[in-house]
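File shown: run-v7.cif. Contents: mmCIF, C-alpha atoms.
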data_work
loop_
_atom_site.group_PDB
_atom_site.id
_atom_site.type_symbol
_atom_site.label_atom_id
_atom_site.label_comp_id
_atom_site.auth_asym_id
_atom_site.auth_seq_id
_atom_site.Cartn_x
_atom_site.Cartn_y
_atom_site.Cartn_z
ATOM 1 C CA MET K 1 50.880 19.082 11.095
ATOM 2 C CA LEU K 2 52.265 19.259 14.647
ATOM 3 C CA SER K 3 55.067 21.701 15.201
ATOM 4 C CA ASN K 4 58.222 19.941 16.403
ATOM 5 C CA GLN K 5 60.105 23.149 17.144
ATOM 6 C CA VAL K 6 58.472 23.785 20.554
ATOM 7 C CA ALA K 7 61.042 23.378 23.329
ATOM 8 C CA PRO K 8 60.895 24.140 27.070
ATOM 9 C CA ASP K 9 62.810 27.094 28.448
ATOM 10 C CA GLY K 10 66.392 25.994 29.090
ATOM 11 C CA GLY K 11 65.801 22.414 27.871
ATOM 12 C CA GLY K 12 65.764 20.393 24.716
ATOM 13 C CA SER K 13 62.865 19.584 22.428
ATOM 14 C CA LEU K 14 59.911 17.481 23.521
ATOM 15 C CA GLY K 15 61.464 14.365 22.013
ATOM 16 C CA ALA K 16 64.838 15.007 23.652
ATOM 17 C CA ARG K 17 63.231 15.400 27.083
ATOM 18 C CA LEU K 18 61.307 12.157 26.669
ATOM 19 C CA LYS K 19 64.373 10.254 25.497
ATOM 20 C CA SER K 20 66.475 11.595 28.382
ATOM 21 C CA ALA K 21 63.800 10.659 30.931
ATOM 22 C CA ARG K 22 63.483 7.149 29.464
ATOM 23 C CA GLU K 23 67.227 6.569 29.622
ATOM 24 C CA ARG K 24 67.407 7.830 33.233
ATOM 25 C CA ALA K 25 64.597 5.406 34.116
ATOM 26 C CA GLY K 26 66.568 2.541 32.550
ATOM 27 C CA LEU K 27 63.759 1.663 30.131
ATOM 28 C CA SER K 28 64.148 0.451 26.570
ATOM 29 C CA HIS K 29 61.793 1.122 23.694
ATOM 30 C CA ALA K 30 60.445 -2.419 24.071
ATOM 31 C CA ASP K 31 59.665 -1.806 27.762
ATOM 32 C CA VAL K 32 57.767 1.402 27.028
ATOM 33 C CA SER K 33 55.974 -0.209 24.065
ATOM 34 C CA ALA K 34 54.761 -3.072 26.279
ATOM 35 C CA ARG K 35 53.449 -0.698 28.953
ATOM 36 C CA LEU K 36 51.766 1.830 26.667
ATOM 37 C CA LYS K 37 50.661 -0.671 23.970
ATOM 38 C CA MET K 38 52.306 1.669 21.469
ATOM 39 C CA PRO K 39 54.454 0.582 18.475
ATOM 40 C CA THR K 40 58.208 1.137 18.904
ATOM 41 C CA ARG K 41 58.356 3.081 15.633
ATOM 42 C CA VAL K 42 55.947 5.633 17.142
ATOM 43 C CA LEU K 43 58.118 5.972 20.264
ATOM 44 C CA GLN K 44 61.213 6.506 18.117
ATOM 45 C CA ALA K 45 59.408 9.122 16.027
ATOM 46 C CA LEU K 46 58.273 10.977 19.167
ATOM 47 C CA GLU K 47 61.819 11.069 20.558
ATOM 48 C CA ALA K 48 63.198 12.227 17.187
ATOM 49 C CA ASP K 49 60.503 14.953 16.937
ATOM 50 C CA ASP K 50 59.555 13.407 13.590
ATOM 51 C CA LEU K 51 55.839 13.835 14.230
ATOM 52 C CA GLN K 52 54.782 13.859 10.583
ATOM 53 C CA GLN K 53 55.536 10.131 10.179
ATOM 54 C CA ILE K 54 53.225 9.078 13.022
ATOM 55 C CA GLY K 55 50.006 9.619 11.114
ATOM 56 C CA ALA K 56 47.008 11.859 11.650
ATOM 57 C CA PRO K 57 47.743 14.993 13.759
ATOM 58 C CA VAL K 58 44.724 14.357 15.995
ATOM 59 C CA PHE K 59 46.495 11.302 17.517
ATOM 60 C CA VAL K 60 49.878 12.878 18.304
ATOM 61 C CA ARG K 61 48.991 14.933 21.389
ATOM 62 C CA GLY K 62 47.484 11.946 23.137
ATOM 63 C CA GLN K 63 50.577 9.848 22.398
ATOM 64 C CA LEU K 64 52.899 12.570 23.741
ATOM 65 C CA ARG K 65 50.783 12.949 26.862
ATOM 66 C CA SER K 66 50.730 9.170 27.540
ATOM 67 C CA TYR K 67 54.509 8.887 27.066
ATOM 68 C CA ALA K 68 55.207 11.865 29.353
ATOM 69 C CA ARG K 69 52.832 10.555 32.063
ATOM 70 C CA LEU K 70 54.638 7.188 32.107
ATOM 71 C CA LEU K 71 58.054 8.840 32.537
ATOM 72 C CA GLY K 72 56.832 11.478 35.016
ATOM 73 C CA VAL K 73 57.679 14.373 32.695
ATOM 74 C CA ASP K 74 55.474 17.487 32.748
ATOM 75 C CA LEU K 75 54.901 18.457 29.108
ATOM 76 C CA GLU K 76 51.526 20.141 29.531
ATOM 77 C CA PRO K 77 52.850 23.743 29.039
ATOM 78 C CA GLU K 78 54.626 22.657 25.849
ATOM 79 C CA LEU K 79 51.641 20.589 24.649
ATOM 80 C CA ASP K 80 49.431 23.676 24.857
ATOM 81 C CA ARG K 81 51.803 25.445 22.444
ATOM 82 C CA VAL K 82 51.990 22.584 19.982
ATOM 83 C CA ALA K 83 49.969 23.795 16.993
ATOM 84 C CA VAL K 84 47.664 21.497 15.122
ATOM 85 C CA ALA K 85 47.293 22.605 11.525
ATOM 86 C CA GLN K 86 43.908 22.583 9.879
ATOM 87 C CA LEU K 87 43.561 19.293 8.055
ATOM 88 C CA ALA K 88 41.885 19.670 4.692
ATOM 89 C CA PRO K 89 39.943 16.568 3.681
ATOM 90 C CA SER K 90 41.914 14.731 1.049
ATOM 91 C CA GLN K 91 40.320 14.069 -2.296
ATOM 92 C CA LEU K 92 38.999 10.524 -2.104
ATOM 93 C CA VAL K 93 38.668 8.433 -5.216
ATOM 94 C CA SER K 94 35.931 5.851 -5.024
ATOM 95 C CA HIS K 95 36.889 2.462 -6.450
ATOM 96 C CA THR K 96 33.349 1.095 -6.301
ATOM 97 C CA HIS K 97 31.487 3.867 -8.187
ATOM 98 C CA THR K 98 29.770 2.751 -11.382
ATOM 99 C CA PRO K 99 29.507 5.422 -14.130
ATOM 100 C CA ARG K 100 26.008 6.291 -15.340
ATOM 101 C CA TYR K 101 26.660 5.168 -18.911
ATOM 102 C CA ARG K 102 27.739 1.763 -17.637
ATOM 103 C CA ARG K 103 24.556 1.368 -15.554
ATOM 104 C CA VAL K 104 22.408 2.338 -18.560
ATOM 105 C CA PHE K 105 24.310 -0.133 -20.772
ATOM 106 C CA GLU K 106 23.869 -2.968 -18.245
ATOM 107 C CA GLN K 107 20.134 -2.267 -17.885
ATOM 108 C CA ALA K 108 19.667 -2.221 -21.671
ATOM 109 C CA THR K 109 21.663 -5.461 -21.993
ATOM 110 C CA ARG K 110 19.517 -7.243 -19.385
ATOM 111 C CA ARG K 111 16.308 -6.117 -21.107
ATOM 112 C CA ALA K 112 17.589 -7.272 -24.499
ATOM 113 C CA ILE K 113 18.477 -10.698 -23.084
ATOM 114 C CA TYR K 114 15.010 -10.992 -21.511
ATOM 115 C CA ILE K 115 13.321 -10.112 -24.832
ATOM 116 C CA VAL K 116 15.471 -12.610 -26.779
ATOM 117 C CA LEU K 117 14.759 -15.431 -24.317
ATOM 118 C CA THR K 118 11.031 -14.668 -24.352
ATOM 119 C CA ALA K 119 10.955 -14.651 -28.161
ATOM 120 C CA ALA K 120 12.954 -17.906 -28.324
ATOM 121 C CA ILE K 121 10.274 -19.612 -26.202
ATOM 122 C CA ALA K 122 7.083 -17.941 -27.447
ATOM 123 C CA VAL K 123 7.702 -17.911 -31.243
ATOM 124 C CA PRO K 124 8.072 -21.720 -31.680
ATOM 125 C CA VAL K 125 4.959 -22.291 -29.575
ATOM 126 C CA TRP K 126 2.972 -19.789 -31.646
ATOM 127 C CA LEU K 127 4.152 -21.396 -34.917
ATOM 128 C CA ALA K 128 3.210 -24.879 -33.649
ATOM 129 C CA THR K 129 -0.340 -23.858 -32.638
ATOM 130 C CA ARG K 130 -1.053 -21.532 -35.571
ATOM 131 C CA PRO K 131 -2.492 -24.198 -38.018
ATOM 132 C CA HIS K 132 -5.025 -25.348 -35.433
ATOM 133 C CA LEU K 133 -6.074 -21.839 -34.429
ATOM 134 C CA GLY K 134 -6.373 -20.490 -37.971
ATOM 135 C CA SER K 135 -8.158 -23.391 -39.779
ATOM 136 C CA ASN K 136 -11.950 -23.391 -40.269
ATOM 137 C CA LEU K 137 -13.638 -26.603 -39.178
ATOM 138 C CA ALA K 138 -16.059 -28.040 -41.734
ATOM 139 C CA VAL K 139 -19.697 -28.242 -40.599
ATOM 140 C CA GLN K 140 -21.208 -31.651 -41.364
ATOM 141 C CA SER K 141 -24.866 -32.523 -41.529
ATOM 142 C CA LEU K 142 -26.305 -34.751 -38.836
ATOM 143 C CA GLU K 143 -28.512 -36.583 -41.348
ATOM 144 C CA VAL K 144 -27.377 -40.089 -42.260
ATOM 145 C CA PRO K 145 -27.304 -40.817 -46.052
ATOM 146 C CA ALA K 146 -29.694 -43.537 -47.253
ATOM 147 C CA ASN K 147 -26.943 -45.620 -48.863
ATOM 148 C CA LEU K 148 -25.175 -45.847 -45.533
ATOM 149 C CA ALA K 149 -28.239 -46.953 -43.529
ATOM 150 C CA ALA K 150 -27.632 -50.654 -44.297
ATOM 151 C CA ALA K 151 -23.887 -50.508 -43.772
ATOM 152 C CA PRO K 152 -22.425 -52.403 -40.842
ATOM 153 C CA ALA K 153 -22.228 -50.474 -37.621
ATOM 154 C CA ALA K 154 -18.468 -50.833 -37.625
ATOM 155 C CA ASP K 155 -18.221 -49.048 -40.985
ATOM 156 C CA ALA K 156 -20.681 -46.364 -39.936
ATOM 157 C CA ALA K 157 -18.544 -45.233 -37.001
ATOM 158 C CA PRO K 158 -15.512 -43.352 -38.324
ATOM 159 C CA ALA K 159 -12.290 -43.531 -36.333
ATOM 160 C CA ALA K 160 -11.957 -40.652 -33.930
ATOM 161 C CA ALA K 161 -9.153 -38.257 -34.832
ATOM 162 C CA PRO K 162 -6.509 -37.879 -32.144
ATOM 163 C CA GLN K 163 -6.793 -34.704 -30.151
ATOM 164 C CA ARG K 164 -3.766 -32.446 -29.870
ATOM 165 C CA THR K 165 -3.167 -30.563 -26.689
ATOM 166 C CA PRO K 166 -1.832 -27.046 -27.341
ATOM 167 C CA LEU K 167 1.399 -26.194 -25.642
ATOM 168 C CA VAL K 168 1.548 -23.241 -23.245
ATOM 169 C CA ALA K 169 4.905 -21.603 -22.600
ATOM 170 C CA SER K 170 5.736 -19.721 -19.456
ATOM 171 C CA ILE K 171 7.245 -16.270 -19.953
ATOM 172 C CA ALA K 172 7.814 -15.543 -16.280
ATOM 173 C CA PRO K 173 11.030 -13.525 -15.661
ATOM 174 C CA LEU K 174 14.073 -15.550 -14.767
ATOM 175 C CA PRO K 175 15.111 -15.255 -11.089
ATOM 176 C CA SER K 176 18.080 -12.978 -10.637
ATOM 177 C CA ALA K 177 21.148 -14.246 -8.835
ATOM 178 C CA PRO K 178 21.667 -12.736 -5.358
ATOM 179 C CA ALA K 179 24.172 -9.887 -5.273
ATOM 180 C CA ALA K 180 27.537 -10.848 -3.795
ATOM 181 C CA GLN K 181 28.367 -9.148 -0.502
ATOM 182 C CA PRO K 182 31.604 -7.067 -0.442
ATOM 183 C CA ALA K 183 34.429 -8.466 1.683
ATOM 184 C CA LEU K 184 34.593 -5.261 3.781
ATOM 185 C CA SER K 185 32.007 -2.495 4.231
ATOM 186 C CA LEU K 186 32.424 0.685 6.324
ATOM 187 C CA THR K 187 29.471 2.861 7.416
ATOM 188 C CA PHE K 188 30.226 6.118 9.292
ATOM 189 C CA THR K 189 27.918 7.575 11.951
ATOM 190 C CA GLY K 190 30.384 10.326 12.871
ATOM 191 C CA ASP K 191 33.705 11.887 11.840
ATOM 192 C CA SER K 192 36.585 9.400 11.561
ATOM 193 C CA TRP K 193 40.125 9.555 10.192
ATOM 194 C CA VAL K 194 40.564 6.640 7.760
ATOM 195 C CA GLN K 195 43.645 5.006 6.267
ATOM 196 C CA ILE K 196 43.135 2.042 3.893
ATOM 197 C CA TYR K 197 46.149 0.302 2.316
ATOM 198 C CA ALA K 198 46.350 -2.335 -0.432
ATOM 199 C CA ALA K 199 48.422 -5.534 -0.224
ATOM 200 C CA ASP K 200 51.294 -3.845 -2.114
ATOM 201 C CA GLY K 201 51.395 -0.973 0.409
ATOM 202 C CA SER K 202 49.692 1.591 -1.829
ATOM 203 C CA THR K 203 47.081 3.909 -0.301
ATOM 204 C CA LEU K 204 43.454 3.255 -1.293
ATOM 205 C CA GLU K 205 41.769 5.759 1.058
ATOM 206 C CA GLN K 206 43.157 8.431 3.385
ATOM 207 C CA GLY K 207 41.223 11.306 4.846
ATOM 208 C CA LEU K 208 38.535 12.464 7.236
ATOM 209 C CA LEU K 209 35.131 10.911 6.477
ATOM 210 C CA GLY K 210 31.865 12.223 7.943
ATOM 211 C CA ALA K 211 28.579 10.770 9.101
ATOM 212 C CA GLY K 212 26.488 9.071 6.417
ATOM 213 C CA GLU K 213 29.437 8.119 4.161
ATOM 214 C CA ARG K 214 30.074 4.498 3.104
ATOM 215 C CA ARG K 215 32.986 2.566 1.649
ATOM 216 C CA SER K 216 33.101 -1.025 0.294
ATOM 217 C CA TYR K 217 36.018 -3.217 -0.792
ATOM 218 C CA ALA K 218 36.148 -6.538 -2.611
ATOM 219 C CA ALA K 219 38.121 -9.555 -1.389
ATOM 220 C CA GLY K 220 41.865 -8.975 -1.710
ATOM 221 C CA GLU K 221 41.442 -5.239 -2.412
ATOM 222 C CA ALA K 222 42.162 -3.860 1.090
ATOM 223 C CA ALA K 223 44.960 -5.355 3.237
ATOM 224 C CA ARG K 224 45.382 -2.988 6.230
ATOM 225 C CA VAL K 225 42.877 -0.592 7.859
ATOM 226 C CA VAL K 226 43.254 2.219 10.433
ATOM 227 C CA LEU K 227 40.063 3.813 11.825
ATOM 228 C CA GLY K 228 40.209 6.814 14.137
ATOM 229 C CA ASN K 229 37.185 7.344 16.415
ATOM 230 C CA SER K 230 36.311 3.713 15.749
ATOM 231 C CA SER K 231 33.148 3.930 17.860
ATOM 232 C CA ALA K 232 31.608 5.983 15.014
ATOM 233 C CA VAL K 233 32.298 3.299 12.364
ATOM 234 C CA GLN K 234 30.202 0.195 11.651
ATOM 235 C CA VAL K 235 32.262 -2.551 9.976
ATOM 236 C CA LEU K 236 30.677 -5.417 8.025
ATOM 237 C CA GLN K 237 32.653 -8.466 6.885
ATOM 238 C CA ALA K 238 30.844 -10.227 4.031
ATOM 239 C CA GLY K 239 27.598 -8.652 5.283
ATOM 240 C CA GLN K 240 28.145 -9.662 8.959
ATOM 241 C CA PRO K 241 28.866 -7.021 11.680
ATOM 242 C CA VAL K 242 32.351 -7.014 13.221
ATOM 243 C CA ASP K 243 33.164 -6.181 16.869
ATOM 244 C CA LEU K 244 36.081 -3.698 16.779
ATOM 245 C CA ALA K 245 36.916 -4.055 20.496
ATOM 246 C CA PRO K 246 39.675 -6.695 19.942
ATOM 247 C CA PHE K 247 41.348 -4.398 17.375
ATOM 248 C CA SER K 248 40.934 -1.020 19.188
ATOM 249 C CA ARG K 249 43.199 0.940 21.508
ATOM 250 C CA ALA K 250 42.359 4.481 22.666
ATOM 251 C CA ASN K 251 39.343 4.434 20.286
ATOM 252 C CA VAL K 252 41.617 3.729 17.278
ATOM 253 C CA ALA K 253 41.062 0.412 15.451
ATOM 254 C CA ARG K 254 43.867 -1.222 13.473
ATOM 255 C CA PHE K 255 43.481 -4.548 11.687
ATOM 256 C CA THR K 256 44.565 -6.458 8.591
ATOM 257 C CA LEU K 257 42.558 -8.486 6.082
ATOM 258 C CA SER K 258 43.750 -11.770 4.629
ATOM 259 C CA SER K 259 42.984 -12.918 1.092
ATOM 260 C CA ASP K 260 39.925 -14.814 2.316
ATOM 261 C CA GLY K 261 38.554 -11.719 4.116
ATOM 262 C CA SER K 262 39.350 -12.717 7.729
ATOM 263 C CA LEU K 263 40.429 -9.940 10.151
ATOM 264 C CA ALA K 264 43.504 -9.915 12.416
ATOM 265 C CA PRO K 265 44.967 -7.213 14.715
ATOM 266 C CA VAL K 266 48.014 -5.266 13.512
ATOM 267 C CA ALA K 267 51.234 -6.485 15.152
ATOM 268 C CA ASP K 268 53.424 -3.788 16.768
#
Give the structure from this file in structure tokens form.
Amino acid sequence: MLSNQVAPDGGGSLGARLKSARERAGLSHADVSARLKMPTRVLQALEADDLQQIGAPVFVRGQLRSYARLLGVDLEPELDRVAVAQLAPSQLVSHTHTPRYRRVFEQATRRAIYIVLTAAIAVPVWLATRPHLGSNLAVQSLEVPANLAAAPAADAAPAAAPQRTPLVASIAPLPSAPAAQPALSLTFTGDSWVQIYAADGSTLEQGLLGAGERRSYAAGEAARVVLGNSSAVQVLQAGQPVDLAPFSRANVARFTLSSDGSLAPVAD
């Protein structure tokens, strides 16, 4: 985390110097927030030297530098002495991983259903055609008996037996339903600090993700998203790519998701 104990020689802390310069300039937090496009809670945390509540340490130096540049305060010597602690990747728990035993069970269940459906169609057809396939046709002589030679032609011609057409059942596999697209998908092409929150404010994901990693969330699962280094993140909404430019400032994207999956920028 950033050290908030660094103070200039003969002056107050970084936050105290910024607050004093803002008050001398006659600016309110709302004025500075409108000019820097920075939430007022971040400005208040910077002035109170409460840097741990701002978020990821990699963002804090840039926010201090932007604030100081607006007020004309030279904080560069102090910024060089602000220490950034090594950030260990947090242990991420995937909410979309399917255990191996569950995949094996689902595959076995689908095969069993296919076998049952095939048997339900094929067995009745086989039973219906079995008497015709297994019976031996009697071979009759082509010679006409003498006592039938004088019989009327109508009696000599026996009625033709009706022909039965065997039934053929199709056992082609049933078409599978198309897989539903997740409401939000994240694909990382580079390192990015990620914060994903649920609708109740609980944290779903928080940590530094690297290139090649992916995350997916169902509708209503994720409510607020923060993506550092947003240019290295590809976002898909219901399978369609999303342009992060309307939600990004200083290469940090912030947006919310409604219950129907639509995206909206985070209000200050």
Would you be able to write out as a JSON list (two decimals) with C-alpha atoms, keeping the file's coordinate frame which residues have an atom within 9 Å of (46.1, 0.4, 9.4) in the file's coordinates, counting all atoms listed in the file?
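Listing of part.json after writing:
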[["chain", "number", "residue", "atom", "x", "y", "z"],
["K", 194, "VAL", "CA", 40.56, 6.64, 7.76],
["K", 195, "GLN", "CA", 43.64, 5.01, 6.27],
["K", 196, "ILE", "CA", 43.14, 2.04, 3.89],
["K", 197, "TYR", "CA", 46.15, 0.30, 2.32],
["K", 223, "ALA", "CA", 44.96, -5.36, 3.24],
["K", 224, "ARG", "CA", 45.38, -2.99, 6.23],
["K", 225, "VAL", "CA", 42.88, -0.59, 7.86],
["K", 226, "VAL", "CA", 43.25, 2.22, 10.43],
["K", 227, "LEU", "CA", 40.06, 3.81, 11.82],
["K", 253, "ALA", "CA", 41.06, 0.41, 15.45],
["K", 254, "ARG", "CA", 43.87, -1.22, 13.47],
["K", 255, "PHE", "CA", 43.48, -4.55, 11.69],
["K", 256, "THR", "CA", 44.56, -6.46, 8.59],
["K", 266, "VAL", "CA", 48.01, -5.27, 13.51]]
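With the shown file loaded, the PyMOL selection byres ((chain K and resi 181) around 7) picks out Ala179, Ala180, Pro182, Ala183, Ala238 and Gly239 of chain K.
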- Message: As an exercise, work out the distance from CA of Ala45 (chain K) to CA of Arg17 (chain K) in Å and give it to one decimal place.
- Response: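 Between these atoms lies a distance of 13.3 Å.
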- Item | CA of Gly62 (chain K) to CA of Ser185 (chain K), distance in Å rounded to a single decimal |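 One can read the CA of Gly62 (chain K) to CA of Ser185 (chain K) distance as 28.4 Å.
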- Dig up all the protein and nucleic acid residues within 9 Å of (53.9, 7.8, 14.0) in the file frame, using all atoms listed in the file, and format them as an NGL selection string. :K and (39 or 41-46 or 50-56 or 59-60)
- Applied to the shown file, which residues does the PyMOL selection byres ((chain K and resi 251) around 7) return, written as a list in words? Gly228, Asn229, Ser230, Ser231, Ser248, Arg249, Ala250, Val252 and Ala253 of chain K
- Query: Expressed in Å to a single decimal, how great is the separation between CA of Glu76 (chain K) and CA of Asp191 (chain K)?
  - Reply: 26.4 Å
Result set of the PyMOL selection byres ((chain K and resi 233) around 7) on the coordinates above, as a PDB file with C-alpha atoms, keeping the file's coordinate frame:
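Here's the written file part12.pdb:
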ATOM      1  CA  LEU K 186      32.424   0.685   6.324  1.00  0.00           C
ATOM      2  CA  THR K 187      29.471   2.861   7.416  1.00  0.00           C
ATOM      3  CA  PHE K 188      30.226   6.118   9.292  1.00  0.00           C
ATOM      4  CA  THR K 189      27.918   7.575  11.951  1.00  0.00           C
ATOM      5  CA  SER K 230      36.311   3.713  15.749  1.00  0.00           C
ATOM      6  CA  SER K 231      33.148   3.930  17.860  1.00  0.00           C
ATOM      7  CA  ALA K 232      31.608   5.983  15.014  1.00  0.00           C
ATOM      8  CA  GLN K 234      30.202   0.195  11.651  1.00  0.00           C
ATOM      9  CA  VAL K 235      32.262  -2.551   9.976  1.00  0.00           C
TER      10      VAL K 235
END
- Residue among K:Leu236, K:Val242, K:Ala34, K:Leu257 lying closest to Ala219 (chain K), counting all atoms listed in the file: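 Residue with the minimum atom-to-atom distance to Ala219 (chain K): K:Leu257.
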Contact residues around region 65-73 of chain K with all atoms listed in the file at 10 Å, ignoring same-chain residues under 6 positions, as a PDB file with C-alpha atoms, in the frame of the given file:
ATOM      1  CA  LEU K  14      59.911  17.481  23.521  1.00  0.00           C
ATOM      2  CA  GLY K  15      61.464  14.365  22.013  1.00  0.00           C
ATOM      3  CA  ARG K  17      63.231  15.400  27.083  1.00  0.00           C
ATOM      4  CA  LEU K  18      61.307  12.157  26.669  1.00  0.00           C
ATOM      5  CA  LYS K  19      64.373  10.254  25.497  1.00  0.00           C
ATOM      6  CA  SER K  20      66.475  11.595  28.382  1.00  0.00           C
ATOM      7  CA  ALA K  21      63.800  10.659  30.931  1.00  0.00           C
ATOM      8  CA  ARG K  22      63.483   7.149  29.464  1.00  0.00           C
ATOM      9  CA  GLU K  23      67.227   6.569  29.622  1.00  0.00           C
ATOM     10  CA  ARG K  24      67.407   7.830  33.233  1.00  0.00           C
ATOM     11  CA  ALA K  25      64.597   5.406  34.116  1.00  0.00           C
ATOM     12  CA  LEU K  27      63.759   1.663  30.131  1.00  0.00           C
ATOM     13  CA  VAL K  32      57.767   1.402  27.028  1.00  0.00           C
ATOM     14  CA  SER K  33      55.974  -0.209  24.065  1.00  0.00           C
ATOM     15  CA  ARG K  35      53.449  -0.698  28.953  1.00  0.00           C
ATOM     16  CA  LEU K  36      51.766   1.830  26.667  1.00  0.00           C
ATOM     17  CA  MET K  38      52.306   1.669  21.469  1.00  0.00           C
ATOM     18  CA  LEU K  43      58.118   5.972  20.264  1.00  0.00           C
ATOM     19  CA  LEU K  46      58.273  10.977  19.167  1.00  0.00           C
ATOM     20  CA  LEU K  79      51.641  20.589  24.649  1.00  0.00           C
TER      21      LEU K  79
END
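Of the listed residues (K:Val123, K:Leu117, K:Ala128, K:Ala222), K:Ala222 comes nearest to Ser202 (chain K); the distances count only C-alpha atoms.
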